[in-house]
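S.K.: Have a peek at start.pdb (PDB, C-alpha atoms and all ligand atoms).
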```
MODEL        1
ATOM      1  CA  MET A   1     -18.467  41.507 -11.394  1.00  0.00           C
ATOM      2  CA  ALA A   2     -20.028  42.193  -8.002  1.00  0.00           C
ATOM      3  CA  SER A   3     -21.102  38.574  -7.496  1.00  0.00           C
ATOM      4  CA  LEU A   4     -17.749  37.262  -8.698  1.00  0.00           C
ATOM      5  CA  SER A   5     -15.728  39.447  -6.393  1.00  0.00           C
ATOM      6  CA  GLY A   6     -18.168  38.558  -3.602  1.00  0.00           C
ATOM      7  CA  ARG A   7     -17.486  34.863  -4.123  1.00  0.00           C
ATOM      8  CA  HIS A   8     -13.781  35.083  -4.490  1.00  0.00           C
ATOM      9  CA  HIS A   9     -13.110  37.728  -1.882  1.00  0.00           C
ATOM     10  CA  PRO A  10     -15.307  37.089   1.147  1.00  0.00           C
ATOM     11  CA  LYS A  11     -15.108  39.515   4.052  1.00  0.00           C
ATOM     12  CA  ASP A  12     -12.468  37.554   5.964  1.00  0.00           C
ATOM     13  CA  GLY A  13     -10.199  37.737   2.913  1.00  0.00           C
ATOM     14  CA  THR A  14      -9.907  33.962   2.440  1.00  0.00           C
ATOM     15  CA  SER A  15     -11.403  32.290  -0.656  1.00  0.00           C
ATOM     16  CA  ASN A  16     -13.108  28.905  -0.433  1.00  0.00           C
ATOM     17  CA  ALA A  17     -10.334  27.415  -2.552  1.00  0.00           C
ATOM     18  CA  MET A  18      -7.758  28.769  -0.106  1.00  0.00           C
ATOM     19  CA  LYS A  19      -9.679  27.296   2.823  1.00  0.00           C
ATOM     20  CA  LYS A  20      -9.779  23.907   1.091  1.00  0.00           C
ATOM     21  CA  ILE A  21      -6.011  24.008   0.575  1.00  0.00           C
ATOM     22  CA  GLU A  22      -5.519  24.944   4.244  1.00  0.00           C
ATOM     23  CA  ILE A  23      -7.657  21.970   5.382  1.00  0.00           C
ATOM     24  CA  ASN A  24      -5.800  19.558   3.079  1.00  0.00           C
ATOM     25  CA  LYS A  25      -2.467  20.845   4.396  1.00  0.00           C
ATOM     26  CA  ASP A  26      -3.722  20.360   7.921  1.00  0.00           C
ATOM     27  CA  LEU A  27      -4.803  16.754   7.247  1.00  0.00           C
ATOM     28  CA  LYS A  28      -1.493  15.993   5.531  1.00  0.00           C
ATOM     29  CA  GLY A  29       0.355  17.547   8.472  1.00  0.00           C
ATOM     30  CA  LYS A  30      -1.565  15.425  10.981  1.00  0.00           C
ATOM     31  CA  ASN A  31      -0.897  12.339   8.877  1.00  0.00           C
ATOM     32  CA  GLN A  32       2.829  13.113   8.835  1.00  0.00           C
ATOM     33  CA  GLU A  33       2.816  13.381  12.646  1.00  0.00           C
ATOM     34  CA  TYR A  34       1.166   9.971  13.072  1.00  0.00           C
ATOM     35  CA  ALA A  35       3.479   8.488  10.422  1.00  0.00           C
ATOM     36  CA  ALA A  36       6.556   9.796  12.259  1.00  0.00           C
ATOM     37  CA  THR A  37       5.315   8.219  15.509  1.00  0.00           C
ATOM     38  CA  ASN A  38       4.680   4.906  13.727  1.00  0.00           C
ATOM     39  CA  ARG A  39       8.146   5.097  12.197  1.00  0.00           C
ATOM     40  CA  GLU A  40       9.754   5.550  15.642  1.00  0.00           C
ATOM     41  CA  LEU A  41       7.932   2.485  16.961  1.00  0.00           C
ATOM     42  CA  PHE A  42       9.030   0.397  13.964  1.00  0.00           C
ATOM     43  CA  LEU A  43      12.666   1.451  14.416  1.00  0.00           C
ATOM     44  CA  LYS A  44      12.536   0.847  18.172  1.00  0.00           C
ATOM     45  CA  HIS A  45      11.342  -2.723  17.648  1.00  0.00           C
ATOM     46  CA  GLY A  46      13.441  -3.387  14.533  1.00  0.00           C
ATOM     47  CA  VAL A  47      10.379  -4.071  12.382  1.00  0.00           C
ATOM     48  CA  LYS A  48      10.628  -3.673   8.595  1.00  0.00           C
ATOM     49  CA  VAL A  49       7.416  -2.406   7.045  1.00  0.00           C
ATOM     50  CA  VAL A  50       6.012  -2.757   3.527  1.00  0.00           C
ATOM     51  CA  ASN A  51       2.935  -0.893   2.299  1.00  0.00           C
ATOM     52  CA  ILE A  52       1.174  -2.833  -0.473  1.00  0.00           C
ATOM     53  CA  MET A  53      -1.141  -0.902  -2.780  1.00  0.00           C
ATOM     54  CA  SER A  54      -3.252  -1.716  -5.839  1.00  0.00           C
ATOM     55  CA  SER A  55      -6.785  -1.600  -7.186  1.00  0.00           C
ATOM     56  CA  PRO A  56      -9.299  -4.143  -5.811  1.00  0.00           C
ATOM     57  CA  GLY A  57      -8.903  -7.669  -7.161  1.00  0.00           C
ATOM     58  CA  SER A  58      -5.295  -7.444  -8.322  1.00  0.00           C
ATOM     59  CA  GLY A  59      -4.199 -10.225  -5.985  1.00  0.00           C
ATOM     60  CA  LYS A  60      -2.788  -8.544  -2.853  1.00  0.00           C
ATOM     61  CA  THR A  61      -4.267 -11.048  -0.421  1.00  0.00           C
ATOM     62  CA  ALA A  62      -3.482 -14.058  -2.626  1.00  0.00           C
ATOM     63  CA  LEU A  63       0.159 -12.951  -2.788  1.00  0.00           C
ATOM     64  CA  LEU A  64       0.236 -12.418   0.980  1.00  0.00           C
ATOM     65  CA  GLU A  65      -1.194 -15.895   1.615  1.00  0.00           C
ATOM     66  CA  LYS A  66       1.723 -17.394  -0.329  1.00  0.00           C
ATOM     67  CA  THR A  67       4.225 -15.023   1.263  1.00  0.00           C
ATOM     68  CA  ALA A  68       3.040 -15.741   4.809  1.00  0.00           C
ATOM     69  CA  ALA A  69       3.160 -19.501   4.249  1.00  0.00           C
ATOM     70  CA  HIS A  70       6.644 -19.248   2.695  1.00  0.00           C
ATOM     71  CA  PHE A  71       8.180 -17.199   5.513  1.00  0.00           C
ATOM     72  CA  GLN A  72       6.320 -18.508   8.554  1.00  0.00           C
ATOM     73  CA  ASP A  73       9.244 -20.639   9.771  1.00  0.00           C
ATOM     74  CA  LYS A  74      11.921 -18.128   8.725  1.00  0.00           C
ATOM     75  CA  PHE A  75      10.815 -14.957  10.463  1.00  0.00           C
ATOM     76  CA  LYS A  76       7.910 -13.436  12.333  1.00  0.00           C
ATOM     77  CA  LEU A  77       5.341 -11.825  10.147  1.00  0.00           C
ATOM     78  CA  ALA A  78       2.449  -9.523  10.940  1.00  0.00           C
ATOM     79  CA  VAL A  79      -0.153  -8.184   8.561  1.00  0.00           C
ATOM     80  CA  LEU A  80      -2.548  -5.270   8.822  1.00  0.00           C
ATOM     81  CA  VAL A  81      -5.263  -5.447   6.204  1.00  0.00           C
ATOM     82  CA  GLY A  82      -7.369  -2.464   5.230  1.00  0.00           C
ATOM     83  CA  ASP A  83     -10.840  -2.872   3.783  1.00  0.00           C
ATOM     84  CA  ILE A  84     -13.954  -0.722   3.871  1.00  0.00           C
ATOM     85  CA  SER A  85     -16.013  -3.592   5.274  1.00  0.00           C
ATOM     86  CA  THR A  86     -15.557  -7.198   6.607  1.00  0.00           C
ATOM     87  CA  ASN A  87     -12.533  -8.938   8.127  1.00  0.00           C
ATOM     88  CA  ARG A  88     -12.396 -11.527   5.332  1.00  0.00           C
ATOM     89  CA  ASP A  89      -8.834 -10.882   4.233  1.00  0.00           C
ATOM     90  CA  ALA A  90      -7.373 -10.961   7.762  1.00  0.00           C
ATOM     91  CA  GLU A  91      -9.127 -14.301   8.299  1.00  0.00           C
ATOM     92  CA  ARG A  92      -7.834 -15.657   4.967  1.00  0.00           C
ATOM     93  CA  LEU A  93      -4.295 -14.844   6.068  1.00  0.00           C
ATOM     94  CA  LYS A  94      -4.717 -16.592   9.429  1.00  0.00           C
ATOM     95  CA  LEU A  95      -5.794 -19.702   7.528  1.00  0.00           C
ATOM     96  CA  ALA A  96      -2.815 -19.441   5.167  1.00  0.00           C
ATOM     97  CA  ALA A  97      -0.184 -19.282   7.922  1.00  0.00           C
ATOM     98  CA  ALA A  98      -0.946 -20.540  11.391  1.00  0.00           C
ATOM     99  CA  GLY A  99       1.628 -18.440  13.222  1.00  0.00           C
ATOM    100  CA  ILE A 100       0.833 -15.120  11.586  1.00  0.00           C
ATOM    101  CA  GLN A 101      -0.483 -12.055  13.375  1.00  0.00           C
ATOM    102  CA  SER A 102      -3.229 -10.802  11.121  1.00  0.00           C
ATOM    103  CA  GLU A 103      -5.435  -7.855  12.019  1.00  0.00           C
ATOM    104  CA  GLN A 104      -8.080  -6.087   9.986  1.00  0.00           C
ATOM    105  CA  ILE A 105      -8.592  -2.336   9.827  1.00  0.00           C
ATOM    106  CA  VAL A 106     -12.207  -1.768   8.828  1.00  0.00           C
ATOM    107  CA  THR A 107     -12.462   1.761   7.484  1.00  0.00           C
ATOM    108  CA  GLU A 108     -16.222   1.788   8.106  1.00  0.00           C
ATOM    109  CA  ASN A 109     -15.046   2.939  11.525  1.00  0.00           C
ATOM    110  CA  TYR A 110     -13.232   5.868   9.873  1.00  0.00           C
ATOM    111  CA  GLY A 111     -15.926   7.339   7.623  1.00  0.00           C
ATOM    112  CA  SER A 112     -15.549   4.403   5.166  1.00  0.00           C
ATOM    113  CA  ALA A 113     -12.255   5.837   3.901  1.00  0.00           C
ATOM    114  CA  CYS A 114     -11.027   4.313   0.624  1.00  0.00           C
ATOM    115  CA  HIS A 115      -7.410   4.296   1.884  1.00  0.00           C
ATOM    116  CA  LEU A 116      -5.414   3.723   5.058  1.00  0.00           C
ATOM    117  CA  ASP A 117      -3.896   6.692   6.832  1.00  0.00           C
ATOM    118  CA  ALA A 118      -1.180   6.827   9.485  1.00  0.00           C
ATOM    119  CA  ARG A 119      -3.662   7.361  12.325  1.00  0.00           C
ATOM    120  CA  MET A 120      -5.503   4.122  11.484  1.00  0.00           C
ATOM    121  CA  ILE A 121      -2.151   2.301  11.580  1.00  0.00           C
ATOM    122  CA  ALA A 122      -1.235   3.975  14.896  1.00  0.00           C
ATOM    123  CA  GLU A 123      -4.528   2.840  16.417  1.00  0.00           C
ATOM    124  CA  ALA A 124      -4.111  -0.739  15.146  1.00  0.00           C
ATOM    125  CA  LEU A 125      -0.475  -1.196  16.248  1.00  0.00           C
ATOM    126  CA  PRO A 126      -1.320  -1.939  19.925  1.00  0.00           C
ATOM    127  CA  ARG A 127      -3.114  -5.082  18.655  1.00  0.00           C
ATOM    128  CA  LEU A 128       0.213  -6.438  17.343  1.00  0.00           C
ATOM    129  CA  ALA A 129       3.207  -7.722  19.315  1.00  0.00           C
ATOM    130  CA  LEU A 130       5.790  -5.538  17.563  1.00  0.00           C
ATOM    131  CA  GLU A 131       8.598  -6.817  19.793  1.00  0.00           C
ATOM    132  CA  LYS A 132       7.932 -10.248  18.268  1.00  0.00           C
ATOM    133  CA  THR A 133       7.698  -9.035  14.675  1.00  0.00           C
ATOM    134  CA  ASP A 134      10.384  -8.938  11.962  1.00  0.00           C
ATOM    135  CA  LEU A 135       8.230  -7.830   9.053  1.00  0.00           C
ATOM    136  CA  LEU A 136       4.932  -5.980   9.012  1.00  0.00           C
ATOM    137  CA  ILE A 137       3.046  -5.963   5.738  1.00  0.00           C
ATOM    138  CA  ILE A 138       0.271  -3.424   5.384  1.00  0.00           C
ATOM    139  CA  GLU A 139      -2.305  -4.355   2.755  1.00  0.00           C
ATOM    140  CA  ASN A 140      -3.881  -1.038   1.800  1.00  0.00           C
ATOM    141  CA  VAL A 141      -7.505  -0.611   0.730  1.00  0.00           C
ATOM    142  CA  GLY A 142      -7.919  -1.489  -2.964  1.00  0.00           C
ATOM    143  CA  ASN A 143      -7.540   1.867  -4.718  1.00  0.00           C
ATOM    144  CA  LEU A 144      -4.931   3.215  -7.161  1.00  0.00           C
ATOM    145  CA  VAL A 145      -5.467   6.849  -6.220  1.00  0.00           C
ATOM    146  CA  CYS A 146      -5.452   8.172  -2.649  1.00  0.00           C
ATOM    147  CA  PRO A 147      -3.253   5.597  -0.828  1.00  0.00           C
ATOM    148  CA  ALA A 148      -0.373   7.065  -2.883  1.00  0.00           C
ATOM    149  CA  GLY A 149      -0.483  10.369  -1.009  1.00  0.00           C
ATOM    150  CA  LEU A 150      -0.456   9.002   2.531  1.00  0.00           C
ATOM    151  CA  TYR A 151       2.825   7.941   4.137  1.00  0.00           C
ATOM    152  CA  LEU A 152       2.210   5.441   6.955  1.00  0.00           C
ATOM    153  CA  GLY A 153       5.771   5.169   8.332  1.00  0.00           C
ATOM    154  CA  GLU A 154       6.779   2.268   6.050  1.00  0.00           C
ATOM    155  CA  ASP A 155      10.232   1.343   4.668  1.00  0.00           C
ATOM    156  CA  LYS A 156       9.069   0.319   1.203  1.00  0.00           C
ATOM    157  CA  ARG A 157       6.075   0.730  -1.040  1.00  0.00           C
ATOM    158  CA  VAL A 158       4.950  -1.969  -3.412  1.00  0.00           C
ATOM    159  CA  VAL A 159       2.315  -1.465  -6.070  1.00  0.00           C
ATOM    160  CA  LEU A 160       0.574  -4.340  -7.843  1.00  0.00           C
ATOM    161  CA  LEU A 161      -0.859  -4.171 -11.341  1.00  0.00           C
ATOM    162  CA  SER A 162      -2.590  -7.326 -12.543  1.00  0.00           C
ATOM    163  CA  VAL A 163      -2.640  -8.401 -16.174  1.00  0.00           C
ATOM    164  CA  PRO A 164      -6.481  -8.276 -16.535  1.00  0.00           C
ATOM    165  CA  GLU A 165      -6.500  -4.597 -15.443  1.00  0.00           C
ATOM    166  CA  GLY A 166      -4.770  -3.587 -18.681  1.00  0.00           C
ATOM    167  CA  ASP A 167      -1.355  -2.213 -19.602  1.00  0.00           C
ATOM    168  CA  ASP A 168      -2.541   1.419 -19.810  1.00  0.00           C
ATOM    169  CA  LYS A 169      -2.767   2.030 -16.055  1.00  0.00           C
ATOM    170  CA  VAL A 170       0.719   3.401 -15.301  1.00  0.00           C
ATOM    171  CA  LYS A 171       0.146   6.607 -17.255  1.00  0.00           C
ATOM    172  CA  LYS A 172      -3.451   6.898 -16.004  1.00  0.00           C
ATOM    173  CA  TYR A 173      -2.479   6.689 -12.326  1.00  0.00           C
ATOM    174  CA  PRO A 174       1.100   8.015 -12.377  1.00  0.00           C
ATOM    175  CA  VAL A 175       1.292   9.177  -8.755  1.00  0.00           C
ATOM    176  CA  ILE A 176       1.055   5.736  -7.158  1.00  0.00           C
ATOM    177  CA  PHE A 177       3.764   4.388  -9.496  1.00  0.00           C
ATOM    178  CA  ARG A 178       6.015   7.391  -8.837  1.00  0.00           C
ATOM    179  CA  GLU A 179       5.732   6.686  -5.101  1.00  0.00           C
ATOM    180  CA  ALA A 180       6.521   2.963  -5.405  1.00  0.00           C
ATOM    181  CA  ASP A 181       9.837   1.163  -4.845  1.00  0.00           C
ATOM    182  CA  LEU A 182       8.688  -2.051  -6.488  1.00  0.00           C
ATOM    183  CA  LEU A 183       6.079  -2.801  -9.142  1.00  0.00           C
ATOM    184  CA  LEU A 184       4.675  -6.310  -9.221  1.00  0.00           C
ATOM    185  CA  ILE A 185       2.931  -7.306 -12.428  1.00  0.00           C
ATOM    186  CA  THR A 186       0.573  -9.964 -11.053  1.00  0.00           C
ATOM    187  CA  LYS A 187      -1.604 -12.724 -12.576  1.00  0.00           C
ATOM    188  CA  ILE A 188       1.064 -13.195 -15.257  1.00  0.00           C
ATOM    189  CA  ASP A 189      -0.458 -16.662 -15.841  1.00  0.00           C
ATOM    190  CA  LEU A 190      -3.353 -14.871 -17.631  1.00  0.00           C
ATOM    191  CA  ILE A 191      -1.101 -13.147 -20.183  1.00  0.00           C
ATOM    192  CA  ALA A 192      -2.242 -15.295 -23.121  1.00  0.00           C
ATOM    193  CA  ALA A 193      -5.896 -14.320 -22.566  1.00  0.00           C
ATOM    194  CA  CYS A 194      -5.285 -10.564 -22.255  1.00  0.00           C
ATOM    195  CA  ASP A 195      -3.867  -7.801 -24.429  1.00  0.00           C
ATOM    196  CA  PHE A 196      -1.165  -6.836 -21.987  1.00  0.00           C
ATOM    197  CA  ALA A 197       2.378  -5.870 -22.926  1.00  0.00           C
ATOM    198  CA  PRO A 198       4.558  -6.172 -19.795  1.00  0.00           C
ATOM    199  CA  GLN A 199       7.509  -4.437 -21.536  1.00  0.00           C
ATOM    200  CA  LYS A 200       5.310  -1.387 -22.155  1.00  0.00           C
ATOM    201  CA  VAL A 201       4.250  -1.293 -18.479  1.00  0.00           C
ATOM    202  CA  GLU A 202       7.871  -1.607 -17.340  1.00  0.00           C
ATOM    203  CA  ALA A 203       9.053   1.117 -19.713  1.00  0.00           C
ATOM    204  CA  GLU A 204       6.280   3.512 -18.638  1.00  0.00           C
ATOM    205  CA  ALA A 205       6.914   2.812 -14.949  1.00  0.00           C
ATOM    206  CA  ARG A 206      10.643   3.554 -15.393  1.00  0.00           C
ATOM    207  CA  GLU A 207       9.806   6.752 -17.252  1.00  0.00           C
ATOM    208  CA  ILE A 208       7.803   7.900 -14.225  1.00  0.00           C
ATOM    209  CA  LYS A 209      10.129   6.526 -11.539  1.00  0.00           C
ATOM    210  CA  GLY A 210      13.723   6.003 -12.636  1.00  0.00           C
ATOM    211  CA  GLY A 211      14.836   3.427 -10.083  1.00  0.00           C
ATOM    212  CA  ILE A 212      11.657   1.377  -9.751  1.00  0.00           C
ATOM    213  CA  GLU A 213      12.159  -2.396  -9.620  1.00  0.00           C
ATOM    214  CA  VAL A 214       9.707  -4.532 -11.591  1.00  0.00           C
ATOM    215  CA  LEU A 215       8.885  -8.210 -11.158  1.00  0.00           C
ATOM    216  CA  ARG A 216       6.376 -10.381 -13.008  1.00  0.00           C
ATOM    217  CA  LEU A 217       4.638 -13.096 -11.030  1.00  0.00           C
ATOM    218  CA  SER A 218       1.611 -15.253 -10.422  1.00  0.00           C
ATOM    219  CA  ALA A 219       0.542 -16.294  -6.940  1.00  0.00           C
ATOM    220  CA  LYS A 220      -1.525 -19.026  -8.579  1.00  0.00           C
ATOM    221  CA  SER A 221       1.081 -20.702 -10.816  1.00  0.00           C
ATOM    222  CA  GLY A 222       4.027 -19.731  -8.617  1.00  0.00           C
ATOM    223  CA  GLU A 223       5.904 -18.110 -11.528  1.00  0.00           C
ATOM    224  CA  GLY A 224       8.163 -15.297 -10.333  1.00  0.00           C
ATOM    225  CA  LEU A 225       7.505 -15.862  -6.625  1.00  0.00           C
ATOM    226  CA  ALA A 226      11.149 -16.782  -5.921  1.00  0.00           C
ATOM    227  CA  GLU A 227      12.287 -13.288  -7.001  1.00  0.00           C
ATOM    228  CA  TRP A 228       9.615 -11.664  -4.811  1.00  0.00           C
ATOM    229  CA  TYR A 229      10.709 -13.762  -1.816  1.00  0.00           C
ATOM    230  CA  GLN A 230      14.320 -12.691  -2.437  1.00  0.00           C
ATOM    231  CA  TRP A 231      13.233  -9.049  -2.435  1.00  0.00           C
ATOM    232  CA  VAL A 232      11.415  -9.526   0.892  1.00  0.00           C
ATOM    233  CA  ASP A 233      14.353 -11.470   2.351  1.00  0.00           C
ATOM    234  CA  ARG A 234      16.809  -8.710   1.400  1.00  0.00           C
ATOM    235  CA  LEU A 235      14.620  -6.102   3.084  1.00  0.00           C
ATOM    236  CA  VAL A 236      14.205  -8.080   6.316  1.00  0.00           C
ATOM    237  CA  SER A 237      17.862  -9.067   6.653  1.00  0.00           C
ATOM    238  CA  ARG A 238      19.127  -5.551   5.908  1.00  0.00           C
TER     239      ARG A 238
HETATM  240 MG    MG B 301      -7.405  -8.030  -0.154  1.00  0.00          MG
HETATM  241 ZN    ZN B 302      -9.279   7.358  -0.197  1.00  0.00          ZN
ENDMDL
END
```
Now that the file is in, can you turn its structure into structure tokens?

M.R.:
Amino acid sequence: MASLSGRHHPKDGTSNAMKKIEINKDLKGKNQEYAATNRELFLKHGVKVVNIMSSPGSGKTALLEKTAAHFQDKFKLAVLVGDISTNRDAERLKLAAAGIQSEQIVTENYGSACHLDARMIAEALPRLALEKTDLLIIENVGNLVCPAGLYLGEDKRVVLLSVPEGDDKVKKYPVIFREADLLLITKIDLIAACDFAPQKVEAEAREIKGGIEVLRLSAKSGEGLAEWYQWVDRLVSR
């Protein structure tokens, strides 16, 4: 008993678990402050902001290539891409749409974080001409877990789940789906090769988040892209 009480009741009266909770609260609080500042900037410049989240390889950048090319003559688009290493995705997007502002956030500079936080966004925003931007898309680091807990100042959250990842992911990673406004089931062109029941995914997503919208699409075949473009258009012209 002596060792137990020693561990759980150190002299200053605060347990290690309590300290951990305090630190997490502090980090969350700091993140909220940065997010609120980002939000003010977005409102000031009339920029709509979408935070796109998914696991690695579910087709975020491929979808953004198509999206950037589709909208490049209609409105002014900027993209911030988060990755642990390399600026490959930001470069891909510049190739896809000549007029696009595309900047990489390399989280190697932030302790190799597996997510974007509001401070990283705040520090990247001066590299964009917000006064010349209608829509900012933030491509989060590929990860279905921690991006869900970090508000960046965005208007909408979109989560991608690709067909090859499997139709069991909604219940395994419920938080990210609960925090999303729109679920995109991507790589729908691969449905014949995979055991993936889109109705099951939709039903489970709606169980977790009542009002979630769901679209099925493929950036490769083009199926379903029109509905995605309409969703983006509605957000920007709101
Ligand atoms: Mg990517
Ligand atoms: Zn993380």

S.K.: Pull the neighbourhood of (12.0, -16.9, 3.0) for me: all residues within 7 Å in file coordinates, counting all atoms listed in the file, as a PyMOL selection string.

M.R.: chain A and resi 70-71+74+229+233

S.K.: Could you write those residues out with C-alpha atoms, as a short mmCIF file (atom, residue, chain, number, x, y, z; two decimals), in the frame of the given file?

M.R.:
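Okay, selection_8.cif is ready:
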```cif
data_model
loop_
_atom_site.label_atom_id
_atom_site.label_comp_id
_atom_site.auth_asym_id
_atom_site.auth_seq_id
_atom_site.Cartn_x
_atom_site.Cartn_y
_atom_site.Cartn_z
CA HIS A 70 6.64 -19.25 2.70
CA PHE A 71 8.18 -17.20 5.51
CA LYS A 74 11.92 -18.13 8.72
CA TYR A 229 10.71 -13.76 -1.82
CA ASP A 233 14.35 -11.47 2.35
#
```

S.K.: For atom CA of Ala203 of chain A and atom CA of Val170 of chain A, quote the distance in Å rounded to one decimal.

M.R.: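 Between these atoms lies a distance of 9.7 Å.
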
S.K.: Write out as number ranges by chain each polymer residue whose atoms come within 9 Å of segment 136-141 of chain A, counting all atoms listed in the file; drop sequence neighbours fewer than 3 positions from it.

M.R.: A: 47-56, 60-61, 64, 76-84, 107, 113-116, 121, 130, 133, 147, 154

S.K.: Compare A:Leu128, A:Ala193, A:Ala69, A:Ala148 by their minimum atom-to-atom distance to ligand ZN 302 (chain B), counting only C-alpha atoms and all ligand atoms, and give me the closest one.

M.R.: A:Ala148

S.K.: Could you give me, as a list in words, the residues that have an atom at most 7 Å away from the point (-0.5, 8.1, -3.9) in the coordinates of the file, using all atoms listed in the file?

M.R.: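 Residues close enough to count: Val145, Cys146, Pro147, Ala148, Gly149, Leu150, Val175, Ile176 and Glu179 of chain A.
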
S.K.: Check what the PyMOL selection byres (((chain A and resi 215) around 6) and not hetatm) selects in the file above and give those residues as an MDAnalysis selection string.

M.R.: chainID A and resid 184 214 216

S.K.: Where does the PyMOL selection byres (((chain A and resi 122) around 8) and not hetatm) land in this file, that is, which residues does it pick, as a PyMOL selection string?

M.R.: chain A and resi 34-35+37-38+118-121+123-126

S.K.: Calculated over all atoms listed in the file, which of the candidates A:Ser58, A:Asn31, A:Thr186, A:Ser237 has the smallest distance to ligand MG 301 (chain B)?

M.R.: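 Checking each candidate against ligand MG 301 (chain B), we get A:Ser58 as the closest.
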
S.K.: Identify all residues satisfying the PyMOL selection byres (((chain A and resi 218) around 10) and not hetatm) in the given file; provide them as a list in words.

M.R.: Gly59, Ala62, Leu63, Ser162, Val163, Leu184, Ile185, Thr186, Lys187, Ile188, Asp189, Leu190, Arg216, Leu217, Ala219, Lys220, Ser221, Gly222, Glu223, Gly224 and Leu225 of chain A

S.K.: Report, in Å to a single decimal, how far apart atom CA of Gly57 of chain A and atom CA of Ala90 of chain A are.

M.R.: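 So the answer is 15.4 Å.
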
S.K.: Ranking A:Leu95, A:Cys194, A:Leu144, A:Leu43 by minimum distance to ligand ZN 302 (chain B) and counting only C-alpha atoms and all ligand atoms, which one comes first?

M.R.: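 That would be A:Leu144, the residue with the smallest distance to ligand ZN 302 (chain B).
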
S.K.: Measuring between all atoms listed in the file, which one of A:Arg88, A:Lys171, A:Arg178, A:Lys94 shows the shortest distance to ligand MG 301 (chain B)?

M.R.: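 Among the listed residues, the smallest separation from ligand MG 301 (chain B) belongs to A:Arg88.
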
S.K.: Just give me the gap between atom CA of His45 of chain A and atom CA of Val236 of chain A in Å, one decimal is fine.

M.R.: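 Computing it gives 12.9 Å between the two atoms.
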
S.K.: Name the closest residue to Thr67 of chain A among the candidates A:Glu207, A:Arg157, A:Leu135, A:Asn109; distances are taken between atoms, counting all atoms listed in the file.

M.R.: A:Leu135

S.K.: Using all atoms listed in the file, can you tell me which of A:Glu131, A:Glu65, A:Glu40, A:Asp89 comes closest to ligand MG 301 (chain B)?

M.R.: A:Asp89

S.K.: Set up a box along x, y and z of the file covering all listed atoms of segment 210-213 of chain A, add 8 Å on every one of the six sides, and write the centre and edge lengths in Å to one decimal, as lines of an AutoDock Vina configuration file.

M.R.:
```
center_x = 13.2
center_y = 1.8
center_z = -11.1
size_x = 19.2
size_y = 24.4
size_z = 19.0
```
